[in-house]
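**Q** Okay, here's the structure, questions in a sec.
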Amino acid sequence: MADLSGGTESVPVALWPPGEAPPAFQYSPDSVAGADGQIDPTEVTFPGCSCRSSSCLPPQCPCLRRGHSYSGPCLRLSAEDQPFSEPVFECNSLCSCGEGCQNRLVQRGLQLRLQVFRTLRKGWGVRALQPVPRGGFVCEYAGEVLAFPEAQRRARAQVPEEPNYIIAVREHLHDGRVMETFVDPTRVGNVGRFLNHSCEPNLFMVPVRVDSMVPRLALFAAADIAAGEELSYDYSGRSHNFPAASREHKPVEEENSLRKPCYCGSHSCASFLPWDSSLFSTPASSP
């Protein structure tokens with residue numbers, strides 16, 4: 001069976017149906033610096049922990065004091081009534097702990113058997129070929145990491161018929177600041193670029209930091225997922241399947257002509273894919 005990753009993942013990424021493949025792109029398991037050269041996600045700027053144990057434990061490990069951690073191969077999920085996800089800080093390349101440390105998960109890359117398949121109405125999608133437990137790490141959304149000007153330039157250069165892969169992740173800090181991360185897997189990306197949107201998703205995205213403040217955009221299971229089930233997440237950033245949580249404001253009518261329809265088929269479907277007005281141009285007002 002064909003491997004979409006070309007052997008770059010530790011687990012092959014299957015394709016269906018046989019003999020068909022999505023348009024060509026450069027497969028990369030990890031995010032890379034964008035063509036604008038502004039941000040290098042591979043740069044190591046975090047100091048390492050001095051833990052000598054085979055697996056780090058809170059509160060001794062400074063990496064684990066920065067955010068919540070894992071329980072075995074799964075994310076230790078926050079309270080059910082919390083509609084947003086907190087960041088994770090993994091041990092990194094400068095840490096003294098071993099490769100088997102429980103605080104190293106996303107950095108190990110893809111471990112699940114996934115299949116990119118052609119859907120009826122949504123183009124290509126991704127499904128799990130094995131069961132995934134709630135909180136389990138599924139894959140990363142990897143691509144070119146861009147600064148805002150280049151992300152906006154690319155978004156505005158798109159024509160309506162083109163798929164948009166650029167994702168904007170905004171993290172709201174306690175002091176009111178907002179940290180933005182823009183990832184574009186259009187030209188360089190991984191299996192995550194084929195995940196479809198759903199208004200009732202079974203995945204949610206968490207910023208995971210390993211070597212620097214540039215996060216890896218990791219997708220975890222919001223519920224137990226059966227083998228053969230399509231994988232999806234909410235492009236607007238909702239977490240833990242709360243239909244009312246952070247539901248975007250209804251766009252002005254003239255924006256609807258630029259938005260793409262949503263075909264998720266859920267009971268709470270918003271009819272359109274999420275809209276980010278900061279990246280996409282809007283029609284000029286008439287004088």
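Ligands are numbered from 1 in the order shown, chains are lettered A, B, ... in the order of the structure tokens, and residues start at 1 in each chain.
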Please build the interface table for range 81-166 of chain A against range 47-56 of chain A with a cut-off of 9 Å, listing for each qualifying residue the nearest atom pair and the distance in Å to one decimal; count only C-alpha atoms, order rows by chain and increasing number, and write it as CSV.

**A**
residue,atom,partner,partner_atom,distance
A:Cys91,CA,A:Gly48,CA,7.0
A:Asn92,CA,A:Gly48,CA,6.2
A:Ser93,CA,A:Gly48,CA,7.1
A:Leu94,CA,A:Gly48,CA,4.3
A:Cys95,CA,A:Gly48,CA,3.8
A:Ser96,CA,A:Ser50,CA,5.1
A:Cys97,CA,A:Arg52,CA,5.5
A:Gly98,CA,A:Ser54,CA,5.5
A:Glu99,CA,A:Ser54,CA,8.1
A:Gly100,CA,A:Ser54,CA,6.6
A:Cys101,CA,A:Ser55,CA,4.0
A:Gln102,CA,A:Ser55,CA,5.6
A:Asn103,CA,A:Cys56,CA,6.8

**Q** Among range 10-88 of chain A, which ones does DSSP place in alpha helix (DSSP H), written as an mmCIF file with N, CA and C atoms, in the first residue's frame?

**A**
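Result file follows (states31.cif):
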data_model
loop_
_atom_site.group_PDB
_atom_site.id
_atom_site.type_symbol
_atom_site.label_atom_id
_atom_site.label_comp_id
_atom_site.auth_asym_id
_atom_site.auth_seq_id
_atom_site.Cartn_x
_atom_site.Cartn_y
_atom_site.Cartn_z
ATOM 1 N N PRO A 62 11.074 21.322 36.104
ATOM 2 C CA PRO A 62 10.616 22.659 35.684
ATOM 3 C C PRO A 62 9.783 22.636 34.412
ATOM 4 N N CYS A 63 9.995 21.646 33.560
ATOM 5 C CA CYS A 63 9.181 21.558 32.339
ATOM 6 C C CYS A 63 7.725 21.273 32.696
ATOM 7 N N LEU A 64 7.517 20.397 33.666
ATOM 8 C CA LEU A 64 6.157 20.028 34.059
ATOM 9 C C LEU A 64 5.482 21.113 34.878
ATOM 10 N N ARG A 65 6.244 22.020 35.461
ATOM 11 C CA ARG A 65 5.642 23.109 36.228
ATOM 12 C C ARG A 65 5.047 24.170 35.311
#

**Q** Considering only C-alpha atoms, return as a VMD selection string whatever protein or nucleic-acid residues lie within 8 Å of range 146-153 of chain A, sequence-local ones (same chain, fewer than 5 positions apart) excluded.

**A** chain A and resid 33 to 39 166 181 to 184 278 to 280

**Q** If you run DSSP over the backbone, which residues in range 26-273 of chain A end up strand (DSSP E)? Put them as number ranges by chain.

**A** A: 26-27, 32-33, 70-71, 74-75, 88-89, 114-118, 124-128, 137-140, 144-146, 167-172, 178-184, 188-189, 196-197, 203-209, 216-221, 230-233

**Q** Go ahead and compute the interatomic distance for CA of Glu161 in chain A and CA of Ser271 in chain A, in Å to one decimal.

**A**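 Spanning CA of Glu161 in chain A to CA of Ser271 in chain A is a straight-line distance of 17.5 Å.
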
**Q** Would you pick out the contacts of Gly109 in chain A at 10 Å or less, using only C-alpha atoms, so that residues sharing its chain but fewer than 6 positions from it are not included, and give the list as a PyMOL selection string?

**A** chain A and resi 9-11+29-30+137-140+218

**Q** Keeping only all heavy atoms, take the residues you just selected and write them out as a PDB file, in the first residue's frame.

**A**
ATOM      1  N   GLU A   9       7.665   9.207   8.028  1.00  0.00           N
ATOM      2  CA  GLU A   9       7.035   8.960   9.320  1.00  0.00           C
ATOM      3  C   GLU A   9       7.431   7.575   9.820  1.00  0.00           C
ATOM      4  O   GLU A   9       7.727   6.674   9.020  1.00  0.00           O
ATOM      5  CB  GLU A   9       5.504   9.042   9.203  1.00  0.00           C
ATOM      6  CG  GLU A   9       4.960  10.393   8.775  1.00  0.00           C
ATOM      7  CD  GLU A   9       4.836  11.381   9.935  1.00  0.00           C
ATOM      8  OE1 GLU A   9       5.452  11.149  10.998  1.00  0.00           O
ATOM      9  OE2 GLU A   9       4.117  12.380   9.755  1.00  0.00           O
ATOM     10  N   SER A  10       7.403   7.384  11.143  1.00  0.00           N
ATOM     11  CA  SER A  10       7.718   6.070  11.699  1.00  0.00           C
ATOM     12  C   SER A  10       6.614   5.064  11.421  1.00  0.00           C
ATOM     13  O   SER A  10       6.837   3.852  11.462  1.00  0.00           O
ATOM     14  CB  SER A  10       7.952   6.185  13.209  1.00  0.00           C
ATOM     15  OG  SER A  10       6.824   6.753  13.858  1.00  0.00           O
ATOM     16  N   VAL A  11       5.406   5.566  11.126  1.00  0.00           N
ATOM     17  CA  VAL A  11       4.266   4.733  10.752  1.00  0.00           C
ATOM     18  C   VAL A  11       3.790   5.177   9.372  1.00  0.00           C
ATOM     19  O   VAL A  11       3.558   6.373   9.161  1.00  0.00           O
ATOM     20  CB  VAL A  11       3.117   4.865  11.776  1.00  0.00           C
ATOM     21  CG1 VAL A  11       1.929   4.010  11.362  1.00  0.00           C
ATOM     22  CG2 VAL A  11       3.589   4.479  13.170  1.00  0.00           C
ATOM     23  N   PRO A  29       7.260  15.670   8.362  1.00  0.00           N
ATOM     24  CA  PRO A  29       6.624  15.312   9.633  1.00  0.00           C
ATOM     25  C   PRO A  29       6.587  16.473  10.626  1.00  0.00           C
ATOM     26  O   PRO A  29       5.711  16.517  11.495  1.00  0.00           O
ATOM     27  CB  PRO A  29       7.505  14.176  10.162  1.00  0.00           C
ATOM     28  CG  PRO A  29       8.247  13.665   8.976  1.00  0.00           C
ATOM     29  CD  PRO A  29       8.438  14.844   8.087  1.00  0.00           C
ATOM     30  N   ASP A  30       7.534  17.397  10.511  1.00  0.00           N
ATOM     31  CA  ASP A  30       7.636  18.514  11.450  1.00  0.00           C
ATOM     32  C   ASP A  30       7.490  19.841  10.716  1.00  0.00           C
ATOM     33  O   ASP A  30       7.732  19.944   9.505  1.00  0.00           O
ATOM     34  CB  ASP A  30       8.995  18.491  12.163  1.00  0.00           C
ATOM     35  CG  ASP A  30       9.263  17.168  12.848  1.00  0.00           C
ATOM     36  OD1 ASP A  30       8.416  16.745  13.655  1.00  0.00           O
ATOM     37  OD2 ASP A  30      10.320  16.558  12.566  1.00  0.00           O
ATOM     38  N   PHE A 137      -2.796  11.161  21.625  1.00  0.00           N
ATOM     39  CA  PHE A 137      -2.193  12.007  20.597  1.00  0.00           C
ATOM     40  C   PHE A 137      -2.412  11.371  19.234  1.00  0.00           C
ATOM     41  O   PHE A 137      -2.129  10.197  19.037  1.00  0.00           O
ATOM     42  CB  PHE A 137      -0.703  12.194  20.861  1.00  0.00           C
ATOM     43  CG  PHE A 137       0.037  12.870  19.741  1.00  0.00           C
ATOM     44  CD1 PHE A 137      -0.341  14.122  19.287  1.00  0.00           C
ATOM     45  CD2 PHE A 137       1.104  12.236  19.123  1.00  0.00           C
ATOM     46  CE1 PHE A 137       0.339  14.749  18.237  1.00  0.00           C
ATOM     47  CE2 PHE A 137       1.793  12.850  18.083  1.00  0.00           C
ATOM     48  CZ  PHE A 137       1.407  14.106  17.640  1.00  0.00           C
ATOM     49  N   VAL A 138      -2.921  12.164  18.294  1.00  0.00           N
ATOM     50  CA  VAL A 138      -3.225  11.652  16.954  1.00  0.00           C
ATOM     51  C   VAL A 138      -2.149  12.071  15.957  1.00  0.00           C
ATOM     52  O   VAL A 138      -1.487  11.239  15.343  1.00  0.00           O
ATOM     53  CB  VAL A 138      -4.617  12.132  16.492  1.00  0.00           C
ATOM     54  CG1 VAL A 138      -4.868  11.732  15.046  1.00  0.00           C
ATOM     55  CG2 VAL A 138      -5.695  11.529  17.399  1.00  0.00           C
ATOM     56  N   CYS A 139      -1.960  13.355  15.762  1.00  0.00           N
ATOM     57  CA  CYS A 139      -0.943  13.834  14.835  1.00  0.00           C
ATOM     58  C   CYS A 139      -0.716  15.315  15.065  1.00  0.00           C
ATOM     59  O   CYS A 139      -1.445  15.967  15.811  1.00  0.00           O
ATOM     60  CB  CYS A 139      -1.332  13.574  13.376  1.00  0.00           C
ATOM     61  SG  CYS A 139      -2.735  14.563  12.780  1.00  0.00           S
ATOM     62  N   GLU A 140       0.267  15.844  14.412  1.00  0.00           N
ATOM     63  CA  GLU A 140       0.568  17.269  14.461  1.00  0.00           C
ATOM     64  C   GLU A 140       0.020  17.939  13.202  1.00  0.00           C
ATOM     65  O   GLU A 140      -0.161  17.276  12.176  1.00  0.00           O
ATOM     66  CB  GLU A 140       2.086  17.460  14.554  1.00  0.00           C
ATOM     67  CG  GLU A 140       2.562  18.890  14.737  1.00  0.00           C
ATOM     68  CD  GLU A 140       4.079  18.995  14.886  1.00  0.00           C
ATOM     69  OE1 GLU A 140       4.728  17.961  15.154  1.00  0.00           O
ATOM     70  OE2 GLU A 140       4.606  20.112  14.714  1.00  0.00           O
ATOM     71  N   ALA A 218      -0.574  20.272  18.111  1.00  0.00           N
ATOM     72  CA  ALA A 218      -0.866  18.849  18.292  1.00  0.00           C
ATOM     73  C   ALA A 218      -2.362  18.616  18.412  1.00  0.00           C
ATOM     74  O   ALA A 218      -3.074  19.386  19.059  1.00  0.00           O
ATOM     75  CB  ALA A 218      -0.150  18.328  19.531  1.00  0.00           C
TER      76      ALA A 218
END

**Q** Check the smallest atom-to-atom distance from each of A:Gly189, A:Pro207, A:Gly135, A:Pro201 to Thr8 in chain A using only C-alpha atoms, then report the winner.

**A** A:Gly189

**Q** Taking only C-alpha atoms into account, which of A:Met205, A:Val32, A:Gly228, A:Ala2 comes nearest Glu20 in chain A?

**A** A:Ala2

**Q** Would you mind listing what lies within 12 Å of Glu229 in chain A as number ranges by chain, with only C-alpha atoms counted and same-chain residues fewer than 3 positions away left out?

**A** A: 114-117, 125-132, 201-203, 221, 223-226, 232

**Q** Grab the CA of Tyr141 in chain A to CA of Pro23 in chain A distance for me, in Å with one decimal place.

**A**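 Atom-to-atom, CA of Tyr141 in chain A to CA of Pro23 in chain A, that is 17.9 Å.
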
**Q** When distances are computed from only C-alpha atoms, which of A:Asn196, A:Gln60, A:Gln111, A:Ser212 shows the smallest separation from Gly265 in chain A?

**A**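 Ranking A:Asn196, A:Gln60, A:Gln111, A:Ser212 by distance to Gly265 in chain A, first place goes to A:Asn196.
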
**Q** Of the residues A:Val210, A:Val106, A:Leu112, A:Leu195, which is the one nearest to Ala227 in chain A, using only C-alpha atoms?

**A**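 The answer is A:Leu112, which sits nearest to Ala227 in chain A.
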